[in-house]
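Structure file start03.cif (mmCIF, C-alpha atoms) is printed below.
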data_run
#
loop_
_atom_site.label_atom_id
_atom_site.label_comp_id
_atom_site.auth_asym_id
_atom_site.auth_seq_id
_atom_site.Cartn_x
_atom_site.Cartn_y
_atom_site.Cartn_z
CA MET A 1 -8.52 -27.76 21.18
CA PRO A 2 -7.08 -24.22 20.87
CA TYR A 3 -10.22 -22.55 22.20
CA ASN A 4 -12.85 -22.91 24.89
CA GLN A 5 -16.19 -23.84 23.30
CA ILE A 6 -18.18 -22.13 26.06
CA ALA A 7 -16.14 -18.94 25.60
CA LEU A 8 -16.68 -19.16 21.84
CA ASP A 9 -20.44 -19.57 22.27
CA ASP A 10 -20.54 -16.63 24.68
CA ALA A 11 -18.59 -14.47 22.22
CA VAL A 12 -20.97 -15.39 19.39
CA ARG A 13 -23.94 -14.27 21.51
CA ILE A 14 -22.29 -10.91 22.17
CA LEU A 15 -21.52 -10.52 18.47
CA ALA A 16 -25.10 -11.28 17.50
CA GLU A 17 -26.47 -8.73 19.99
CA ALA A 18 -24.10 -5.97 18.80
CA ALA A 19 -24.19 -6.72 15.05
CA PRO A 20 -27.40 -4.88 14.05
CA GLU A 21 -26.25 -1.52 15.39
CA ALA A 22 -22.75 -1.91 13.94
CA ASP A 23 -24.18 -2.80 10.53
CA GLN A 24 -26.69 0.05 10.56
CA THR A 25 -24.20 2.71 11.63
CA GLY A 26 -21.17 1.32 9.80
CA GLN A 27 -19.06 1.97 12.89
CA PHE A 28 -16.13 -0.26 13.80
CA PRO A 29 -17.53 -3.25 15.76
CA TRP A 30 -15.51 -2.83 18.93
CA ALA A 31 -17.99 -4.69 21.16
CA GLY A 32 -17.62 -7.81 19.04
CA ILE A 33 -13.84 -7.47 18.66
CA HIS A 34 -13.37 -7.14 22.42
CA ALA A 35 -15.52 -10.24 22.94
CA VAL A 36 -13.36 -12.22 20.51
CA HIS A 37 -10.20 -10.93 22.19
CA GLU A 38 -11.40 -11.75 25.70
CA ALA A 39 -12.31 -15.27 24.59
CA GLY A 40 -8.69 -15.76 23.44
CA LEU A 41 -9.74 -16.43 19.86
CA LEU A 42 -7.56 -13.90 18.04
CA GLU A 43 -4.44 -15.79 19.17
CA SER A 44 -5.93 -19.28 18.75
CA THR A 45 -3.49 -20.13 15.94
CA VAL A 46 -0.31 -18.85 17.61
CA SER A 47 2.32 -21.58 17.45
CA SER A 48 3.20 -23.56 20.57
CA ARG A 49 6.80 -22.40 20.19
CA TYR A 50 5.55 -18.93 21.13
CA GLY A 51 3.47 -20.24 24.00
CA GLY A 52 0.30 -20.44 21.91
CA LYS A 53 -2.22 -23.23 21.53
CA GLY A 54 -1.19 -24.11 17.99
CA GLY A 55 -4.58 -24.04 16.31
CA THR A 56 -4.77 -25.48 12.80
CA LEU A 57 -6.50 -24.29 9.64
CA SER A 58 -9.41 -26.57 10.54
CA ASP A 59 -9.65 -24.96 13.98
CA ALA A 60 -9.59 -21.51 12.41
CA ALA A 61 -12.38 -22.48 10.01
CA HIS A 62 -14.54 -23.71 12.91
CA ILE A 63 -13.96 -20.53 14.93
CA LEU A 64 -14.64 -18.20 11.99
CA ALA A 65 -17.78 -20.06 10.94
CA ALA A 66 -19.11 -19.64 14.47
CA LEU A 67 -18.17 -15.95 14.62
CA GLY A 68 -19.77 -15.43 11.22
CA ARG A 69 -23.09 -16.62 12.60
CA GLY A 70 -22.87 -13.82 15.16
CA ASP A 71 -21.45 -11.00 13.04
CA PRO A 72 -19.81 -11.57 9.62
CA SER A 73 -17.95 -8.25 9.88
CA VAL A 74 -16.27 -9.26 13.13
CA ALA A 75 -15.48 -12.67 11.66
CA LEU A 76 -13.77 -11.12 8.63
CA ILE A 77 -11.72 -8.67 10.70
CA SER A 78 -10.73 -11.48 13.08
CA ALA A 79 -9.79 -13.76 10.18
CA MET A 80 -7.05 -11.40 9.06
CA THR A 81 -5.27 -11.66 12.41
CA ILE A 82 -5.95 -15.38 12.90
CA PHE A 83 -4.51 -16.21 9.47
CA ASN A 84 -1.45 -14.02 10.05
CA HIS A 85 -0.68 -16.02 13.19
CA LEU A 86 -1.24 -19.25 11.27
CA GLY A 87 1.17 -18.05 8.60
CA GLN A 88 3.84 -17.35 11.19
CA ALA A 89 3.30 -20.79 12.70
CA THR A 90 3.96 -22.48 9.36
CA LYS A 91 6.38 -20.16 7.51
CA SER A 92 8.02 -17.86 10.09
CA HIS A 93 7.76 -14.65 8.04
CA TRP A 94 8.09 -12.31 11.02
CA PRO A 95 11.32 -11.31 12.77
CA ASP A 96 11.20 -13.32 15.97
CA ASP A 97 11.76 -10.43 18.41
CA LEU A 98 9.12 -8.24 16.76
CA TYR A 99 6.57 -11.03 16.75
CA ARG A 100 7.14 -11.77 20.42
CA ARG A 101 6.71 -8.07 21.29
CA LEU A 102 3.37 -8.02 19.47
CA LEU A 103 2.20 -11.14 21.29
CA ALA A 104 3.02 -9.41 24.58
CA GLU A 105 0.86 -6.47 23.47
CA ALA A 106 -1.96 -8.88 22.64
CA LYS A 107 -2.29 -9.75 26.32
CA GLU A 108 -3.37 -6.17 27.05
CA ARG A 109 -5.56 -5.29 24.04
CA PRO A 110 -6.88 -6.78 20.79
CA LEU A 111 -3.96 -7.15 18.40
CA LEU A 112 -5.44 -6.63 14.92
CA LEU A 113 -3.25 -7.24 11.88
CA ASN A 114 -4.08 -7.00 8.20
CA ALA A 115 -2.16 -6.93 4.95
CA ALA A 116 -2.49 -3.69 2.96
CA ARG A 117 -1.75 -4.91 -0.58
CA VAL A 118 -4.37 -3.87 -3.16
CA GLU A 119 -3.59 -0.60 -4.97
CA PRO A 120 -5.72 1.73 -7.14
CA GLU A 121 -3.52 1.27 -10.23
CA LEU A 122 -2.33 -2.31 -9.77
CA GLY A 123 -5.41 -3.92 -8.29
CA SER A 124 -4.86 -7.28 -6.62
CA PRO A 125 -1.19 -8.35 -6.39
CA ALA A 126 -2.32 -11.93 -7.10
CA ARG A 127 -2.06 -11.03 -10.79
CA GLY A 128 1.56 -9.91 -10.51
CA GLY A 129 3.24 -6.53 -10.84
CA LEU A 130 5.35 -4.17 -8.75
CA PRO A 131 3.60 -2.16 -6.01
CA ALA A 132 3.58 1.60 -6.45
CA THR A 133 3.97 1.99 -2.68
CA VAL A 134 7.59 2.80 -1.92
CA ALA A 135 9.75 2.34 1.18
CA ARG A 136 12.50 4.95 1.25
CA ARG A 137 15.63 4.50 3.37
CA THR A 138 16.04 6.98 6.24
CA PRO A 139 18.77 7.32 8.89
CA SER A 140 16.57 5.48 11.40
CA GLY A 141 14.75 2.99 9.16
CA TRP A 142 12.17 3.51 6.43
CA ALA A 143 9.58 6.03 5.25
CA ILE A 144 6.50 4.51 3.59
CA THR A 145 4.50 6.34 0.90
CA GLY A 146 1.58 4.94 -1.08
CA ARG A 147 -2.14 4.18 -1.11
CA LYS A 148 -3.90 0.88 -0.48
CA ARG A 149 -7.49 -0.15 -1.18
CA PHE A 150 -10.01 -2.36 0.65
CA VAL A 151 -8.07 -2.47 3.93
CA THR A 152 -10.47 -4.47 6.08
CA GLY A 153 -10.73 -3.11 9.62
CA ALA A 154 -8.67 -0.04 8.69
CA HIS A 155 -9.73 2.15 11.62
CA GLY A 156 -9.30 -0.55 14.27
CA LEU A 157 -6.09 -2.23 13.13
CA THR A 158 -3.12 -2.04 15.44
CA HIS A 159 -0.72 -2.72 12.54
CA PHE A 160 -0.88 -2.49 8.75
CA LEU A 161 1.26 -5.02 6.89
CA VAL A 162 2.14 -2.81 3.94
CA TRP A 163 3.38 -4.36 0.69
CA ALA A 164 5.93 -2.03 -0.92
CA HIS A 165 9.11 -1.83 -2.98
CA THR A 166 12.29 -0.22 -1.74
CA ASP A 167 13.99 2.79 -3.31
CA GLU A 168 17.30 0.94 -3.46
CA LEU A 169 19.26 0.69 -6.73
CA SER A 170 18.29 -2.95 -6.87
CA ALA A 171 14.71 -2.69 -5.56
CA ARG A 172 13.38 -5.29 -3.17
CA VAL A 173 9.72 -6.05 -2.54
CA GLY A 174 8.45 -6.93 0.90
CA THR A 175 6.06 -6.32 3.75
CA PHE A 176 6.59 -3.47 6.20
CA VAL A 177 4.97 -3.54 9.65
CA VAL A 178 3.38 -0.11 10.12
CA PRO A 179 1.74 0.66 13.49
CA ASN A 180 -1.59 2.44 13.11
CA GLY A 181 -1.84 6.03 14.33
CA LEU A 182 1.57 7.21 13.14
CA PRO A 183 1.91 10.66 11.52
CA GLY A 184 1.27 10.49 7.79
CA ILE A 185 -1.42 7.79 7.90
CA ARG A 186 -4.84 8.79 6.59
CA ILE A 187 -7.91 6.57 6.32
CA ILE A 188 -10.02 7.56 3.30
CA GLU A 189 -13.59 6.59 4.13
CA ASN A 190 -14.83 5.29 0.79
CA TRP A 191 -16.24 1.88 1.80
CA LYS A 192 -19.87 2.10 0.60
CA SER A 193 -20.88 -1.55 0.62
CA LEU A 194 -24.50 -2.55 1.25
CA GLY A 195 -23.33 -5.40 3.48
CA LEU A 196 -20.40 -5.98 5.85
CA ARG A 197 -20.47 -2.25 6.49
CA ALA A 198 -18.81 -2.59 9.88
CA THR A 199 -15.66 -4.06 8.33
CA ARG A 200 -14.87 -0.44 7.36
CA SER A 201 -12.71 -1.67 4.47
CA HIS A 202 -11.58 1.82 3.51
CA ASP A 203 -8.52 3.01 1.60
CA ALA A 204 -5.39 3.78 3.60
CA GLU A 205 -2.90 6.42 2.49
CA TYR A 206 0.66 6.63 3.78
CA VAL A 207 2.75 9.78 3.26
CA ASP A 208 6.36 9.52 4.51
CA VAL A 209 5.27 7.34 7.43
CA GLU A 210 8.45 6.68 9.40
CA ILE A 211 9.05 3.24 10.91
CA PRO A 212 12.14 1.51 12.33
#

Would you write out, as structure tokens, the structure that this file holds?
Amino acid sequence: MPYNQIALDDAVRILAEAAPEADQTGQFPWAGIHAVHEAGLLESTVSSRYGGKGGTLSDAAHILAALGRGDPSVALISAMTIFNHLGQATKSHWPDDLYRRLLAEAKERPLLLNAARVEPELGSPARGGLPATVARRTPSGWAITGRKRFVTGAHGLTHFLVWAHTDELSARVGTFVVPNGLPGIRIIENWKSLGLRATRSHDAEYVDVEIP
């Protein structure tokens, strides 16, 4: 089992106690996120080849169902990270050295990852199309410019996984790992949902955000 059931139950209790205030105020649910982190649940699906416990999709479903009983907002934010780890375990999308560095960070603080894909003009990429967000080559790496919608957990994420096309002659499309807090990132607070308010699924705008 990739998690401790007692730790999971304790985390759910903390989530349930903190949920009403987070939902009423619409503030990021840090109390719940820290509880999930301290219980080791955010990394429950990290592959054993990275020293993780190798949780499966079934394990993730059990964990998220339990968290959802405590606070659905915390469960949704956590799901984004849990599923990213599960994706790496099965498909190895991430550069190995970068992924290992992020796992080292996760020992010190909650590592929160989410894909920033939906755009105002394009909508959901599930229906096809080229993202308007562009990654421009710079001497030291890339500069990201574009706007994304419905970025769950926007304020609390440690990294945005930004879907963009390159400015190369033969454009490529891919995901760029953008640490939160860099110059040029602006969170546009337009999440006005009646429920799941604490997910803070706002728009994120990137203007010449420089990354390696």

Since I can't run it myself right now, could you work out what the PyMOL selection byres ((chain A and resi 156) around 12) selects here and report it as a short mmCIF file (atom, residue, chain, number, x, y, z; two decimals) with C-alpha atoms, keeping the file's coordinate frame?
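Once everything was written out, this is selection_27.cif:
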data_model
loop_
_atom_site.label_atom_id
_atom_site.label_comp_id
_atom_site.auth_asym_id
_atom_site.auth_seq_id
_atom_site.Cartn_x
_atom_site.Cartn_y
_atom_site.Cartn_z
CA GLN A 27 -19.06 1.97 12.89
CA PHE A 28 -16.13 -0.26 13.80
CA PRO A 29 -17.53 -3.25 15.76
CA TRP A 30 -15.51 -2.83 18.93
CA ALA A 31 -17.99 -4.69 21.16
CA ILE A 33 -13.84 -7.47 18.66
CA HIS A 34 -13.37 -7.14 22.42
CA VAL A 74 -16.27 -9.26 13.13
CA ILE A 77 -11.72 -8.67 10.70
CA SER A 78 -10.73 -11.48 13.08
CA THR A 81 -5.27 -11.66 12.41
CA ARG A 109 -5.56 -5.29 24.04
CA PRO A 110 -6.88 -6.78 20.79
CA LEU A 111 -3.96 -7.15 18.40
CA LEU A 112 -5.44 -6.63 14.92
CA LEU A 113 -3.25 -7.24 11.88
CA ASN A 114 -4.08 -7.00 8.20
CA VAL A 151 -8.07 -2.47 3.93
CA THR A 152 -10.47 -4.47 6.08
CA GLY A 153 -10.73 -3.11 9.62
CA ALA A 154 -8.67 -0.04 8.69
CA HIS A 155 -9.73 2.15 11.62
CA LEU A 157 -6.09 -2.23 13.13
CA THR A 158 -3.12 -2.04 15.44
CA HIS A 159 -0.72 -2.72 12.54
CA PHE A 160 -0.88 -2.49 8.75
CA PRO A 179 1.74 0.66 13.49
CA ASN A 180 -1.59 2.44 13.11
CA GLY A 181 -1.84 6.03 14.33
CA ILE A 187 -7.91 6.57 6.32
CA ALA A 198 -18.81 -2.59 9.88
CA THR A 199 -15.66 -4.06 8.33
CA ARG A 200 -14.87 -0.44 7.36
CA SER A 201 -12.71 -1.67 4.47
CA HIS A 202 -11.58 1.82 3.51
#

Subject >> Residue IDs satisfying the PyMOL selection byres ((chain A and resi 4) around 12), as a PyMOL selection string >> reply: chain A and resi 1-3+5-11+36+38-41+44+53+55+59+63

**OP:** Figure out the distance between CA of Val46 (chain A) and CA of His62 (chain A), please, to one decimal in Å.
**Re:**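 Atom-to-atom, CA of His62 (chain A) to CA of Val46 (chain A), that is 15.8 Å.
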
**OP:** Enter the distance from CA of Ala104 (chain A) to CA of Ser48 (chain A), in Å, rounded to one decimal.
**Re:** 14.7 Å

Subject >> Selection result for the PyMOL selection byres ((chain A and resi 87) around 12) on this file, as a PyMOL selection string >> reply: chain A and resi 45-47+54-57+60+79-86+88-94

Original post:
CA of Asp96 (chain A) and CA of Tyr206 (chain A) are how many Å apart?
Top reply: 25.6 Å

Original post:
Got a sec: who's within 9 Å of Leu130 (chain A), counting all atoms listed in the file, leaving out chain neighbours fewer than 2 positions off, as a PyMOL selection string?
Top reply: chain A and resi 122+125+128+132-133+164-165+173

Box dimensions and centre (Å, one decimal) enclosing region 172-185 of chain A, axis-aligned, 3 Å extra per side, as JSON:
{"center_x": 5.8, "center_y": 1.9, "center_z": 5.6, "size_x": 21.2, "size_y": 23.6, "size_z": 23.5}

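Between Glu105 (chain A) and the residues A:Glu43, A:Thr138, A:Leu194, A:Glu21, the shortest atom-to-atom distance, using all atoms listed in the file, involves A:Glu43.
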
**OP:** Identify which of the residues A:Asp71, A:Glu121, A:Asp97, A:Glu205 lies closest to Gly32 (chain A), counting only C-alpha atoms when measuring atom-to-atom distances.
**Re:**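 When distances to Gly32 (chain A) are compared using only C-alpha atoms, the smallest one comes from A:Asp71.
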
**OP:** Give the answer as one residue: which of A:Lys192, A:Gly141, A:Arg136, A:Asp203 has the shortest atom-to-atom distance to Ala171 (chain A), using only C-alpha atoms?
**Re:**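 Using only C-alpha atoms, Ala171 (chain A) sits closest to A:Arg136.
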
Original post:
Pick the closest to Arg49 (chain A) from A:Arg100, A:Ile185, A:His37, A:Glu17: which is it, counting all atoms listed in the file?
Top reply: A:Arg100

What would region 17-32 of chain A look like with N, CA and C atoms restored, written as a PDB file, in the coordinates of the input?
ATOM      1  N   GLU A  17     -25.731  -9.833  19.362  1.00  0.00           N
ATOM      2  CA  GLU A  17     -26.470  -8.730  19.990  1.00  0.00           C
ATOM      3  C   GLU A  17     -25.983  -7.370  19.467  1.00  0.00           C
ATOM      4  N   ALA A  18     -24.673  -7.255  19.202  1.00  0.00           N
ATOM      5  CA  ALA A  18     -24.100  -5.970  18.800  1.00  0.00           C
ATOM      6  C   ALA A  18     -24.141  -5.745  17.287  1.00  0.00           C
ATOM      7  N   ALA A  19     -24.316  -6.812  16.514  1.00  0.00           N
ATOM      8  CA  ALA A  19     -24.190  -6.720  15.050  1.00  0.00           C
ATOM      9  C   ALA A  19     -25.179  -5.756  14.393  1.00  0.00           C
ATOM     10  N   PRO A  20     -26.469  -5.768  14.756  1.00  0.00           N
ATOM     11  CA  PRO A  20     -27.400  -4.880  14.050  1.00  0.00           C
ATOM     12  C   PRO A  20     -27.015  -3.406  14.104  1.00  0.00           C
ATOM     13  N   GLU A  21     -26.616  -2.933  15.273  1.00  0.00           N
ATOM     14  CA  GLU A  21     -26.250  -1.520  15.390  1.00  0.00           C
ATOM     15  C   GLU A  21     -24.983  -1.224  14.589  1.00  0.00           C
ATOM     16  N   ALA A  22     -23.999  -2.133  14.672  1.00  0.00           N
ATOM     17  CA  ALA A  22     -22.750  -1.910  13.940  1.00  0.00           C
ATOM     18  C   ALA A  22     -23.013  -1.877  12.443  1.00  0.00           C
ATOM     19  N   ASP A  23     -23.900  -2.752  11.963  1.00  0.00           N
ATOM     20  CA  ASP A  23     -24.180  -2.800  10.530  1.00  0.00           C
ATOM     21  C   ASP A  23     -24.969  -1.576  10.076  1.00  0.00           C
ATOM     22  N   GLN A  24     -25.886  -1.127  10.922  1.00  0.00           N
ATOM     23  CA  GLN A  24     -26.690   0.050  10.560  1.00  0.00           C
ATOM     24  C   GLN A  24     -25.850   1.323  10.538  1.00  0.00           C
ATOM     25  N   THR A  25     -24.981   1.472  11.523  1.00  0.00           N
ATOM     26  CA  THR A  25     -24.200   2.710  11.630  1.00  0.00           C
ATOM     27  C   THR A  25     -22.922   2.662  10.797  1.00  0.00           C
ATOM     28  N   GLY A  26     -22.436   1.447  10.506  1.00  0.00           N
ATOM     29  CA  GLY A  26     -21.170   1.320   9.800  1.00  0.00           C
ATOM     30  C   GLY A  26     -19.971   1.657  10.658  1.00  0.00           C
ATOM     31  N   GLN A  27     -20.168   1.692  11.978  1.00  0.00           N
ATOM     32  CA  GLN A  27     -19.060   1.970  12.890  1.00  0.00           C
ATOM     33  C   GLN A  27     -18.237   0.710  13.141  1.00  0.00           C
ATOM     34  N   PHE A  28     -16.980   0.902  13.533  1.00  0.00           N
ATOM     35  CA  PHE A  28     -16.130  -0.260  13.800  1.00  0.00           C
ATOM     36  C   PHE A  28     -16.736  -1.074  14.937  1.00  0.00           C
ATOM     37  N   PRO A  29     -16.816  -2.412  14.792  1.00  0.00           N
ATOM     38  CA  PRO A  29     -17.530  -3.250  15.760  1.00  0.00           C
ATOM     39  C   PRO A  29     -16.706  -3.608  16.997  1.00  0.00           C
ATOM     40  N   TRP A  30     -16.400  -2.603  17.787  1.00  0.00           N
ATOM     41  CA  TRP A  30     -15.510  -2.830  18.930  1.00  0.00           C
ATOM     42  C   TRP A  30     -16.089  -3.810  19.939  1.00  0.00           C
ATOM     43  N   ALA A  31     -17.402  -3.779  20.173  1.00  0.00           N
ATOM     44  CA  ALA A  31     -17.990  -4.690  21.160  1.00  0.00           C
ATOM     45  C   ALA A  31     -17.701  -6.139  20.773  1.00  0.00           C
ATOM     46  N   GLY A  32     -17.887  -6.454  19.511  1.00  0.00           N
ATOM     47  CA  GLY A  32     -17.620  -7.810  19.040  1.00  0.00           C
ATOM     48  C   GLY A  32     -16.147  -8.157  19.080  1.00  0.00           C
TER      49      GLY A  32
END
